[in-house]
Every structure is written in C-alpha cells, then in structure tokens.
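Comments concern the structure below.
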There are 2 protein chains.
Amino acid sequence: MVNRQVVLAAHPRGVPTASDFRLVEAAVPTAGPGQMVVRNLYLSLEAAIRSWLDGTANYFEPIALGGAIRGPSIARVETSQLPGFKPGDLIFGLHQWEDYSVSDANTVLLRKLTPNPVLPLSLYAGALGGSGQTAYVGLHSIGGIQSGNTVLVSAAAGATGSMACQIAALEGCRVVGIVGTDEKSEVVRDELGADAAINYRTEPDLAAALTRTCPEGVNVYFDNVGGTTLDAALMAMAQGGRIVGCGMISDYNNAAKPTPLYNLWQVVERQLTLQGFLLYSYLDALPAASAALESWLAAGRLKALENITEGLSGAGGAYSAMMAGTTMGKNLVSVDEAQ
Amino acid sequence: MVNRQVVLAAHPRGVPTASDFRLVEAAVPTAGPGQMVVRNLYLSLEAAIRSWLDGTANYFEPIALGGAIRGPSIARVETSQLPGFKPGDLIFGLHQWEDYSVSDANTVLLRKLTPNPVLPLSLYAGALGGSGQTAYVGLHSIGGIQSGNTVLVSAAAGATGSMACQIAALEGCRVVGIVGTDEKSEVVRDELGADAAINYRTEPDLAAALTRTCPEGVNVYFDNVGGTTLDAALMAMAQGGRIVGCGMISDYNNAAKPTPLYNLWQVVERQLTLQGFLLYSYLDALPAASAALESWLAAGRLKALENITEGLSGAGGAYSAMMAGTTMGKNLVSVDEAQ
C-alpha cells in the first residue's frame with residue numbers, strides 16, 4: 001500500500017500551472033496516541049491555498065518545495081487513537097493532498113460529518129461547507145439583506161458566488177452577478193436565479209455597466225474578488241449600501257503587488273459600509289445557516305454547482321484551472337483508489 | 001451702505017491661492033415675502049467648499065467665475081419676513097461670503113442659535129457646530145468607541161480632528177494623532193489629550209510608525225483624510241477594528257485624480273469595518289452630542305481650537321491656507337463692519 005502525495009514542485013509565478021505540482025509516493029502514515037489515520041475522499045480546492053505556495057510566511061507556514069500541499073478534505077477514518085472518532089466515521093478537516101493523512105484534535109477545521117443520506121457527500125465541502133456558509137452568513141449577518149434589495153455578487157459562478165446568488169434570490173432580492181465568461185453569464189441567469197449577469201471582460205466600462213443594470217443602486221455587494229471590480233462597484237452603490245468583503249481573490253495570484261483602488265471616497269459620499277469577515281468569527285451563526293442550506297438543497301430549491309475532478313493525479317491541474325478562473329462552482333478532487 | 005462680497009476670480013488648480021478670490025462690492029439685498037436679510041458675523045471655512053470651485057457639478061451647483069463664494073455662517077437677522085425669525089435673532093445657515101445675505105426657510109443647515117452666554121459665539125460654527133458634532137457622532141455612533149480602545153485620528157490638529165482627539169481621551173481611550181507638522185504634534189500631545197502624535201511628513205514609513213506606536217493595533221480609526229494615510233492605517237488596525245470615514249480631504253484639491261489605495265485586502269484579513277457617514281443622516285444623535293459638547297466646553301474640559309481671521313477681505317487667503325494644511329483647529333473669518 002502506498003500513499004500518493006501531491007507536492008509543490010515549483011513556486012508558482014502568478015496563476016499556478018499543473019507543472020508547479022508533482023505526484024510522488026510516500027509511506028502510509030500510522031496513528032500515534034491521540035491521532036487517527038484518515039483516507040481522503042474529496043479534496044476541497046480553496047483560493048487560500050494559493051498564499052501558501054509562495055514560500056513566504058502567512059497565517060500558516062508556507063509549503064516548502066517538495067512538501068505536500070495542505071488543503072481541506074472530506075475523509076473517512078481508517079484507524080483511530082483519538083477518543084470520539086472510530087473507523088468509518090466521516091470527517092472534514094485541513095489535511096494534505098494525499099491518499100492517507102494523519103489527523104488529530106488540533107486539526108484545523110476538524111468536524112465530524114453526519115451526512116444527510118439524500119444528499120451527495122461532496123456537498124459537505126461546498127454548498128454545505130465553507131462556501132455555502134460564507135454566502136449565507138455574509139449575506140445575512142454582514143450584508144443584512146432584505147427582500148427587495150438589489151444584491152450584486154462578484155465571481156458569481158464560483159463556489160461561494162453561486163451560492164450567494166441563489167440565497168439572495170430565495171430571500172426575495174433582485175440579483176446581479178459579475179462573471180468572466182459568457183458561458184458563466186448564462187449559468188448565473190438561467191440556473192442560479194440572477195436577474196442579470198455582467199461579463200466584466202467584455203464591458204469596456206464596468207462601473208457604467210453596473211450603474212445601467214442597477215439604476216437604483218446596489219444595496220448589498222457581496223464581494224469575492226476586490227481589486228478593479230470592487231472599485232467599479234463603489235461607483236454603483238446606493239446611499240447607505242453595504243459591501244460584504246469575503247475575499248480579495250483578484251490579488252491572490254500576485255500578493256506582493258495589490259491592485260490599486262481609486263474610488264474609496266465613495267464610502268463617505270454614499271455613506272457605505274465595507275465590512276470584511278472570516279467565517280470562523282461567526283460560529284454562532286453556523287447552525288442556522290447549515291439548517292437553511294440543507295433544507296433548501298433537500299427540497300431542490302438550491303442547486304450545488306460542482307466541478308469534480310476524478311483522481312488525485314489531476315489535483316494540480318484542477319487547482320490551476322480554478323485559479324485561472326476557467327471553472328464554475330465548487331472545485332473538488334475525488335480521490336481515486338491508489339493503483 | 002455696500003455689500004462686500006468675496007467672489008471666485010479663477011478656478012483653483014490644486015490647492016487654492018488668495019488670487020483665486022476677489023473682493024467686490026454689490027448691492028445690499030432686500031427681503032421679499034418669506035425671506036430675511038442677515039448680517040454675516042462668522043464665516044465657517046469648510047473643506048466641502050473646495051468641490052464647488054472647480055466649475056463642475058457636485059451635490060450643489062458649481063460656483064461660476066465672478067459668483068459669490070457659498071459657505072456656512074453665523075449671522076444676525078436684520079430684517080425678516082420669515083415667520084419665527086425676528087431682527088436680532090442669531091442663526092446658522094449656508095449663506096455667502098459677504099456682509100449681508102438673504103436667507104429663507106429653504107436655507108441649507110438653517111437653525112436658530114440660542115447661545116450659551118458663557119461661551120463665545122464662534123463656537124457654534126465649530127466645536128458646537130459641524131466639527132464637534134461630526135467628531136462626537138462619528139466616534140460614538142459609527143466607531144462605537146469604548147474606554148480602553150486605541151483610537152487613531154488623522155488631521156488631528158484640524159477642526160474635526162482636534163475635537164475627536166479630545167472626545168476620545170475624555171471617554172477613556174488611548175489617542176494617537178496623525179499631523180503634518182511638528183508644531184501640530186506638540187499641540188495634539190500637550191493640549192488635546194493625545195498620548196502620541198505622528199508627523200506623517202517626517203516618517204519614511206507611516207504604516208511602520210503607526211504599528212510601532214499602536215503595538216496592539218488600532219481599534220477605531222477616525223479618518224479625516226483618506227488617501228495614503230488611510231492606506232497606511234489599514235496596516236495598523238486591530239482585528240475587528242472600525243474605520244470611521246468622515247472625510248477624504250486628501251483628494252479635495254484634486255478630485256479628478258484620486259489617490260490609489262493598495263491595502264484594502266486588509267479589510268478581509270483583519271475583518272475591518274470601514275463606514276462612511278455624513279452628519280445629516282444622524283440628526284437623531286445631535287441633541288445628545290450637543291449637550292455633551294456644551295457641558296464639556298462650559299466646564300473647561302474640552303478646548304476649542306480656533307483660527308479666526310479678522311476681516312472679510314482675508315477670507316480667500318484664510319481659505320487657501322486651510323486647504324494647504326498650514327492651519328490648526330477650526331478656521332473662521334470674523335466679518336468686520338464695512339468701511
């Protein structure tokens with residue numbers, strides 16, 4: 001039995017490419033006291049991983065060249081010396097891109113899953129995981145959305161954006177999505193309940209397009225990207241509007257040189273509130289969010305947009321495609337059985 | 001009897017100069033039905049006036065070349081055909097830089113003053129007017145200051161900043177002021193209750209200076225200036241910190257080319273709230289603010305920093321000096337008796 005691992009072959013320059021990653025074989029780990037060995041089933045591809053690939057310190061240790069890529073996964077417990085966890089249990093936690101990981105009580109994001117049998121397990125990494133929860137909590141606890149609001153969502157076909165569009169529509173809002181391809185525009189309009197979609201790559205003046213599409217102004221902007229998109233949105237906000245800052249992915253591929261913003265003076269002129277948030281600060285809001293999401297999903301009112309790559313060997317390529325912005329929905333890798 | 005007027009001689013390029021203004025003589029106005037003629041006593045010099053001098057539309061009509069400069073003043077009613085106002089009443093309102101103005105029920109900011117006899121009348125344009133109220137409401141209603149907070153104030157020796165420093169100190173906060181001269185540093189520390197002052201012009205790295213001076217992070221940043229100062233402050237905020245956006249004066253002299261900001265991603269990373277506000281949206285908060293300010297001033301616990309220029313002919317020069325950042329405290333022009 002081997003433990004295939006995806007390791008960092010090179011520090012990416014800008015958007016990662018498949019050759020920045022390499023598949024190697026390592027020994028299958030064993031569990032010491034307080035530990036368990038888990039088999040990874042789904043890797044959850046996350047923009048935050050990008051910041052660990054540059055070799056510079058961040059919230060987490062950077063990943064060294066040759067080191068296994070760190071990332072959250074849905075996994076099944078194989079052996080356990082950790083009280084409360086037994087073989088066969090399904091868990092979520094920050095593991096590595098490999099067949100088998102060691103997990104313990106200190107594993108970041110660790111939680112035991114009790115999957116709803118009518119829903120696919122993969123949803124617990126996306127629609128019922130961080131993406132869905134971030135969209136729900138961001139729109140409600142930070143954005144304070146009300147029925148009738150105009151809600152703007154950037155990266156609207158992405159993991160979190162696709163949930164934000166649908167949740168806002170379910171709550172009676174008028175939804176406008178910003179995307180980067182015409183194909184995404186169609187999905188956002190036809191499948192995610194948005195009233196309009198704007199392809200920022202084909203609009204010569206994004207601020208003008210937003211103002212035209214939202215003539216009464218944007219009440220809540222759910223911002224997944226920051227940068228020039230945020231700058232344009234500032235010019236289309238309604239008086240007293242709220243901007244939910246849940247990601248600045250536009251700079252993740254180039255953290256050393258952030259995009260300049262020019263329109264911050266609108267914050268005063270339009271009396272805006274721009275509030276950033278990280279999900280872990282809103283743990284109290286998670287039970288209600290999860291209950292609402294699960295009930296909508298089970299009733300078929302909410303659609304989980306997933307892009308699942310089959311096989312561990314494709315993880316690097318899948319991640320690169322996601323960071324290049326060519327994918328839609330939640331990106332996952334379904335880990336195959338080794339040889 | 002003549003009505004001296006200060007009119008716009010030229011659209012300023014960047015910071016205004018005295019030659020952009022000219023003193024002329026006009027007819028003394030008369031009051032029609034519903035109007036009153038008022039004698040201006042103190043002109044309140046305000047950064048907002050700058051945006052009316054470029055000849056381009058704004059919230060208000062731009063001031064045409066040769067037109068009288070519009071600005072708030074404390075004035076005394078001379079003749080009145082407006083019910084509720086009689087000769088001798090003292091009022092505040094948006095008038096013009098001249099000896100005599102016409103005022104009516106539609107005058108912007110119009111309110112009747114009932115001055116506290118132990119306090120100078122001029123305070124009603126500053127410490128007891130918009131400057132003091134903006135500082136009080138911004139710190140409390142938007143910033144939510146708590147005793148023990150570290151509060152950072154930019155333009156700390158200015159009309160609003162000098163009030164914000166003192167109010168935060170009176171509320172038990174640790175106060176750090178950002179200023180542009182060493183003389184202002186001294187005043188902020190020695191007279192306005194700040195624990196520290198930073199001269200941004202002599203600091204090679206303002207963000208580093210702020211981080212050094214506020215090692216536990218800034219809880220509330222009262223931002224009067226925006227631009228590069230805001231950008232630096234973003235790097236010194238505590239997790240969950242709040243930024244009160246009450247002015248972006250750094251761009252008032254050059255509205256067409258705002259200063260780029262690079263550090264907005266900190267809003268997400270540090271979970272900050274940046275909220276802009278305009279005083280007129282918080283009218284409910286004004287009575288409590290005015291009562292607190294008046295009581296502190298009467299008790300000598302709050303100092304009104306004033307820079308009063310004597311004589312209408314000096315208004316253009318006084319305004320230019322203020323917009324160049326060389327003055328301290330609230331800038332007023334005391335209108336002299338014509339000839």
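By convention in this document, the chains of the structure tokens carry letters A, B, ... by their order, each chain's residues are numbered from 1, and ligands are numbered from 1 in the order they are shown.
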
Write down as an mmCIF file with C-alpha atoms, in the first residue's frame the residues belonging to stretch 7-105 of chain B that are assigned helix (DSSP H, G or I) by DSSP computed on the backbone.
data_model
loop_
_atom_site.group_PDB
_atom_site.id
_atom_site.type_symbol
_atom_site.label_atom_id
_atom_site.label_comp_id
_atom_site.auth_asym_id
_atom_site.auth_seq_id
_atom_site.Cartn_x
_atom_site.Cartn_y
_atom_site.Cartn_z
ATOM 1 C CA ALA B 18 -5.602 84.003 -2.409
ATOM 2 C CA SER B 19 -5.671 85.242 -6.017
ATOM 3 C CA ASP B 20 -8.417 82.734 -6.882
ATOM 4 C CA ALA B 47 -13.266 71.673 3.026
ATOM 5 C CA ALA B 48 -16.502 70.899 1.162
ATOM 6 C CA ILE B 49 -16.442 74.382 -0.394
ATOM 7 C CA ARG B 50 -13.413 73.288 -2.431
ATOM 8 C CA SER B 51 -15.581 70.979 -4.553
ATOM 9 C CA TRP B 52 -17.754 73.908 -5.642
#

Practice problem: Can you list, as a ChimeraX atom specification, all residues belonging to stretch 11-221 of chain B that DSSP tags as strand (DSSP E)? | Solution: /B:21-26,35-44,70-80,90-96,100-104,111-113,150-153,174-179,196-199,218-221

Would you output that residue set with C-alpha atoms, as a PDB file, in the first residue's frame?
ATOM      1  CA  PHE B  21     -10.712  85.024  -4.869  1.00  0.00           C
ATOM      2  CA  ARG B  22     -11.582  88.698  -5.258  1.00  0.00           C
ATOM      3  CA  LEU B  23     -13.444  91.210  -3.095  1.00  0.00           C
ATOM      4  CA  VAL B  24     -16.146  93.178  -4.925  1.00  0.00           C
ATOM      5  CA  GLU B  25     -18.963  95.483  -3.939  1.00  0.00           C
ATOM      6  CA  ALA B  26     -22.576  94.598  -4.608  1.00  0.00           C
ATOM      7  CA  GLN B  35     -37.185  85.890   3.333  1.00  0.00           C
ATOM      8  CA  MET B  36     -34.864  87.673   5.709  1.00  0.00           C
ATOM      9  CA  VAL B  37     -31.727  89.737   5.325  1.00  0.00           C
ATOM     10  CA  VAL B  38     -28.983  88.628   7.680  1.00  0.00           C
ATOM     11  CA  ARG B  39     -25.651  90.183   8.597  1.00  0.00           C
ATOM     12  CA  ASN B  40     -22.858  87.612   8.490  1.00  0.00           C
ATOM     13  CA  LEU B  41     -20.734  87.557  11.664  1.00  0.00           C
ATOM     14  CA  TYR B  42     -18.522  84.484  11.276  1.00  0.00           C
ATOM     15  CA  LEU B  43     -17.844  82.564   8.068  1.00  0.00           C
ATOM     16  CA  SER B  44     -17.222  78.896   8.701  1.00  0.00           C
ATOM     17  CA  ARG B  70     -21.104  79.929  -0.853  1.00  0.00           C
ATOM     18  CA  GLY B  71     -20.400  78.823   2.699  1.00  0.00           C
ATOM     19  CA  PRO B  72     -21.980  78.423   6.107  1.00  0.00           C
ATOM     20  CA  SER B  73     -22.024  81.345   8.501  1.00  0.00           C
ATOM     21  CA  ILE B  74     -23.216  82.536  11.855  1.00  0.00           C
ATOM     22  CA  ALA B  75     -25.384  85.564  11.140  1.00  0.00           C
ATOM     23  CA  ARG B  76     -27.712  88.038  12.835  1.00  0.00           C
ATOM     24  CA  VAL B  77     -31.161  88.720  11.406  1.00  0.00           C
ATOM     25  CA  GLU B  78     -31.506  92.341  10.229  1.00  0.00           C
ATOM     26  CA  THR B  79     -34.949  92.335   8.648  1.00  0.00           C
ATOM     27  CA  SER B  80     -37.336  89.424   8.397  1.00  0.00           C
ATOM     28  CA  LEU B  90     -28.804  84.655  15.720  1.00  0.00           C
ATOM     29  CA  ILE B  91     -28.821  81.922  13.091  1.00  0.00           C
ATOM     30  CA  PHE B  92     -26.541  79.422  11.361  1.00  0.00           C
ATOM     31  CA  GLY B  93     -27.000  78.537   7.702  1.00  0.00           C
ATOM     32  CA  LEU B  94     -25.449  78.144   4.259  1.00  0.00           C
ATOM     33  CA  HIS B  95     -25.040  81.726   3.080  1.00  0.00           C
ATOM     34  CA  GLN B  96     -22.390  83.546   1.078  1.00  0.00           C
ATOM     35  CA  TYR B 100     -25.384  90.687   4.019  1.00  0.00           C
ATOM     36  CA  SER B 101     -27.088  87.537   2.755  1.00  0.00           C
ATOM     37  CA  VAL B 102     -30.672  86.604   2.012  1.00  0.00           C
ATOM     38  CA  SER B 103     -31.888  83.620   3.980  1.00  0.00           C
ATOM     39  CA  ASP B 104     -35.196  81.786   3.972  1.00  0.00           C
ATOM     40  CA  ARG B 111     -31.042  76.727  12.549  1.00  0.00           C
ATOM     41  CA  LYS B 112     -31.705  79.363  15.157  1.00  0.00           C
ATOM     42  CA  LEU B 113     -28.956  79.652  17.752  1.00  0.00           C
ATOM     43  CA  THR B 150      -6.764  52.714  20.927  1.00  0.00           C
ATOM     44  CA  VAL B 151      -8.183  55.497  18.768  1.00  0.00           C
ATOM     45  CA  LEU B 152      -6.255  56.914  15.821  1.00  0.00           C
ATOM     46  CA  VAL B 153      -7.214  60.335  14.431  1.00  0.00           C
ATOM     47  CA  ARG B 174      -5.689  55.901  24.251  1.00  0.00           C
ATOM     48  CA  VAL B 175      -5.400  58.512  21.475  1.00  0.00           C
ATOM     49  CA  VAL B 176      -2.819  58.743  18.692  1.00  0.00           C
ATOM     50  CA  GLY B 177      -2.946  61.705  16.304  1.00  0.00           C
ATOM     51  CA  ILE B 178      -1.546  61.988  12.792  1.00  0.00           C
ATOM     52  CA  VAL B 179      -0.464  65.509  11.772  1.00  0.00           C
ATOM     53  CA  ALA B 196       1.207  60.227  20.969  1.00  0.00           C
ATOM     54  CA  ALA B 197       1.391  62.180  17.718  1.00  0.00           C
ATOM     55  CA  ILE B 198       2.964  61.191  14.415  1.00  0.00           C
ATOM     56  CA  ASN B 199       4.125  63.694  11.800  1.00  0.00           C
ATOM     57  CA  VAL B 218      -5.909  50.439  16.297  1.00  0.00           C
ATOM     58  CA  ASN B 219      -9.473  49.708  17.406  1.00  0.00           C
ATOM     59  CA  VAL B 220     -11.046  52.811  15.904  1.00  0.00           C
ATOM     60  CA  TYR B 221      -9.542  54.991  13.181  1.00  0.00           C
TER      61      TYR B 221
END

With the cut-off set at 12 Å and counting only C-alpha atoms, tabulate each residue of chain B with an atom at most that distance from an atom of chain A, showing the nearest atom pair and its distance in Å to one decimal, ordered by chain and increasing number, as a tab-separated table.
residue	atom	partner	partner_atom	distance
B:Ala48	CA	A:Glu269	CA	11.3
B:Asn58	CA	A:Glu269	CA	10.7
B:Tyr59	CA	A:Glu269	CA	9.7
B:Gly138	CA	A:Val268	CA	11.9
B:Ile142	CA	A:Thr273	CA	10.0
B:Gly143	CA	A:Thr273	CA	11.8
B:Asp223	CA	A:Val268	CA	10.2
B:Asn224	CA	A:Val268	CA	10.2
B:Val225	CA	A:Trp265	CA	9.7
B:Gly226	CA	A:Trp265	CA	7.4
B:Gly227	CA	A:Leu264	CA	8.5
B:Thr228	CA	A:Tyr262	CA	11.2
B:Leu230	CA	A:Leu264	CA	9.9
B:Asp231	CA	A:Leu261	CA	10.3
B:Gln239	CA	A:Phe277	CA	10.1
B:Gly240	CA	A:Phe277	CA	8.5
B:Gly241	CA	A:Gln275	CA	10.0
B:Arg242	CA	A:Gln275	CA	9.0
B:Ile243	CA	A:Leu274	CA	9.5
B:Val244	CA	A:Val268	CA	9.1
B:Gly245	CA	A:Val268	CA	5.8
B:Cys246	CA	A:Val268	CA	6.1
B:Gly247	CA	A:Val268	CA	6.5
B:Met248	CA	A:Trp265	CA	6.0
B:Ile249	CA	A:Trp265	CA	9.3
B:Ser250	CA	A:Trp265	CA	9.9
B:Asp251	CA	A:Trp265	CA	8.3
B:Tyr252	CA	A:Trp265	CA	9.9
B:Ala255	CA	A:Trp265	CA	9.7
B:Ala256	CA	A:Tyr262	CA	10.3
B:Lys257	CA	A:Tyr262	CA	8.2
B:Pro258	CA	A:Tyr262	CA	5.7
B:Thr259	CA	A:Tyr262	CA	6.1
B:Pro260	CA	A:Tyr262	CA	4.7
B:Leu261	CA	A:Leu261	CA	4.9
B:Tyr262	CA	A:Pro260	CA	4.7
B:Asn263	CA	A:Pro258	CA	7.2
B:Leu264	CA	A:Leu261	CA	7.9
B:Trp265	CA	A:Met248	CA	6.0
B:Gln266	CA	A:Gly276	CA	8.2
B:Val267	CA	A:Gly276	CA	4.9
B:Val268	CA	A:Gly276	CA	4.0
B:Glu269	CA	A:Gly276	CA	7.3
B:Arg270	CA	A:Gly276	CA	7.4
B:Gln271	CA	A:Gly276	CA	4.4
B:Leu272	CA	A:Gly276	CA	5.4
B:Thr273	CA	A:Gln275	CA	4.2
B:Leu274	CA	A:Leu274	CA	5.0
B:Gln275	CA	A:Thr273	CA	4.2
B:Gly276	CA	A:Val268	CA	4.0
B:Phe277	CA	A:Gln271	CA	4.6
B:Leu278	CA	A:Gln271	CA	6.7
B:Leu279	CA	A:Gln271	CA	10.0
B:Tyr280	CA	A:Gln271	CA	10.9
B:Ser281	CA	A:Gln271	CA	9.0
B:Tyr282	CA	A:Gln271	CA	11.3

Practice problem: Work out how far apart atom CA of B:Gly161 and atom CA of B:Thr309 are and give it in Å to one decimal. | Solution: 20.0 Å

Quiz prompt | B:Leu206 environment, 10 Å, only C-alpha atoms, sequence neighbours closer than 2 positions dropped, as a list in words | solution =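 Contacts, with the query itself left out: Ile178, Ile198, Asn199, Tyr200, Arg201, Thr202, Glu203, Pro204, Ala208, Ala209, Leu210, Thr211, Arg212, Thr228, Thr229, Asp231, Ala232, Ala233, Met235 and Ala236 of chain B.
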
Residues of stretch 42-153 of chain A within 9 Å of stretch 310-317 of chain A: nearest atom pair and distance (Å, one decimal) for each, counting only C-alpha atoms, sorted by chain and number, as a tab-separated table?
residue	atom	partner	partner_atom	distance
A:Leu43	CA	A:Ala315	CA	8.3
A:Leu45	CA	A:Ala315	CA	8.5
A:Trp97	CA	A:Leu312	CA	7.6
A:Glu98	CA	A:Leu312	CA	7.3
A:Asp99	CA	A:Leu312	CA	8.0

Quiz item: Any idea what's packed within 8 Å of A:Gly126, counting only C-alpha atoms, ignoring anything in its chain fewer than 2 positions away? Could you give it as number ranges by chain?
Solution: A: 44, 122-124, 128-132, 159, 304, 330

How would the residues just picked look written out with C-alpha atoms as a PDB file, in the first residue's frame?
ATOM      1  CA  SER A  44     -11.699  20.862  -1.328  1.00  0.00           C
ATOM      2  CA  SER A 122     -19.294  16.070  -1.696  1.00  0.00           C
ATOM      3  CA  LEU A 123     -21.715  18.859  -0.721  1.00  0.00           C
ATOM      4  CA  TYR A 124     -20.138  18.951   2.736  1.00  0.00           C
ATOM      5  CA  LEU A 128     -22.920  22.599   2.986  1.00  0.00           C
ATOM      6  CA  GLY A 129     -19.374  23.617   3.894  1.00  0.00           C
ATOM      7  CA  GLY A 130     -17.439  26.859   3.816  1.00  0.00           C
ATOM      8  CA  SER A 131     -18.818  28.120   0.509  1.00  0.00           C
ATOM      9  CA  GLY A 132     -22.481  27.844   1.401  1.00  0.00           C
ATOM     10  CA  ALA A 159     -18.147  28.233  -5.292  1.00  0.00           C
ATOM     11  CA  ALA A 304     -24.976  22.927  -5.793  1.00  0.00           C
ATOM     12  CA  LYS A 330     -17.128  24.380  -6.163  1.00  0.00           C
TER      13      LYS A 330
END

Quiz prompt | Atom-to-atom span, atom CA of A:Pro16 and atom CA of A:Met323, Å | solution =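 Between atom CA of A:Pro16 and atom CA of A:Met323 the gap works out to 7.0 Å.
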
Quiz item: Between atom CA of B:Ala157 and atom CA of B:Ala285, what is the spacing in Å?
Solution: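 It comes out at 24.3 Å.
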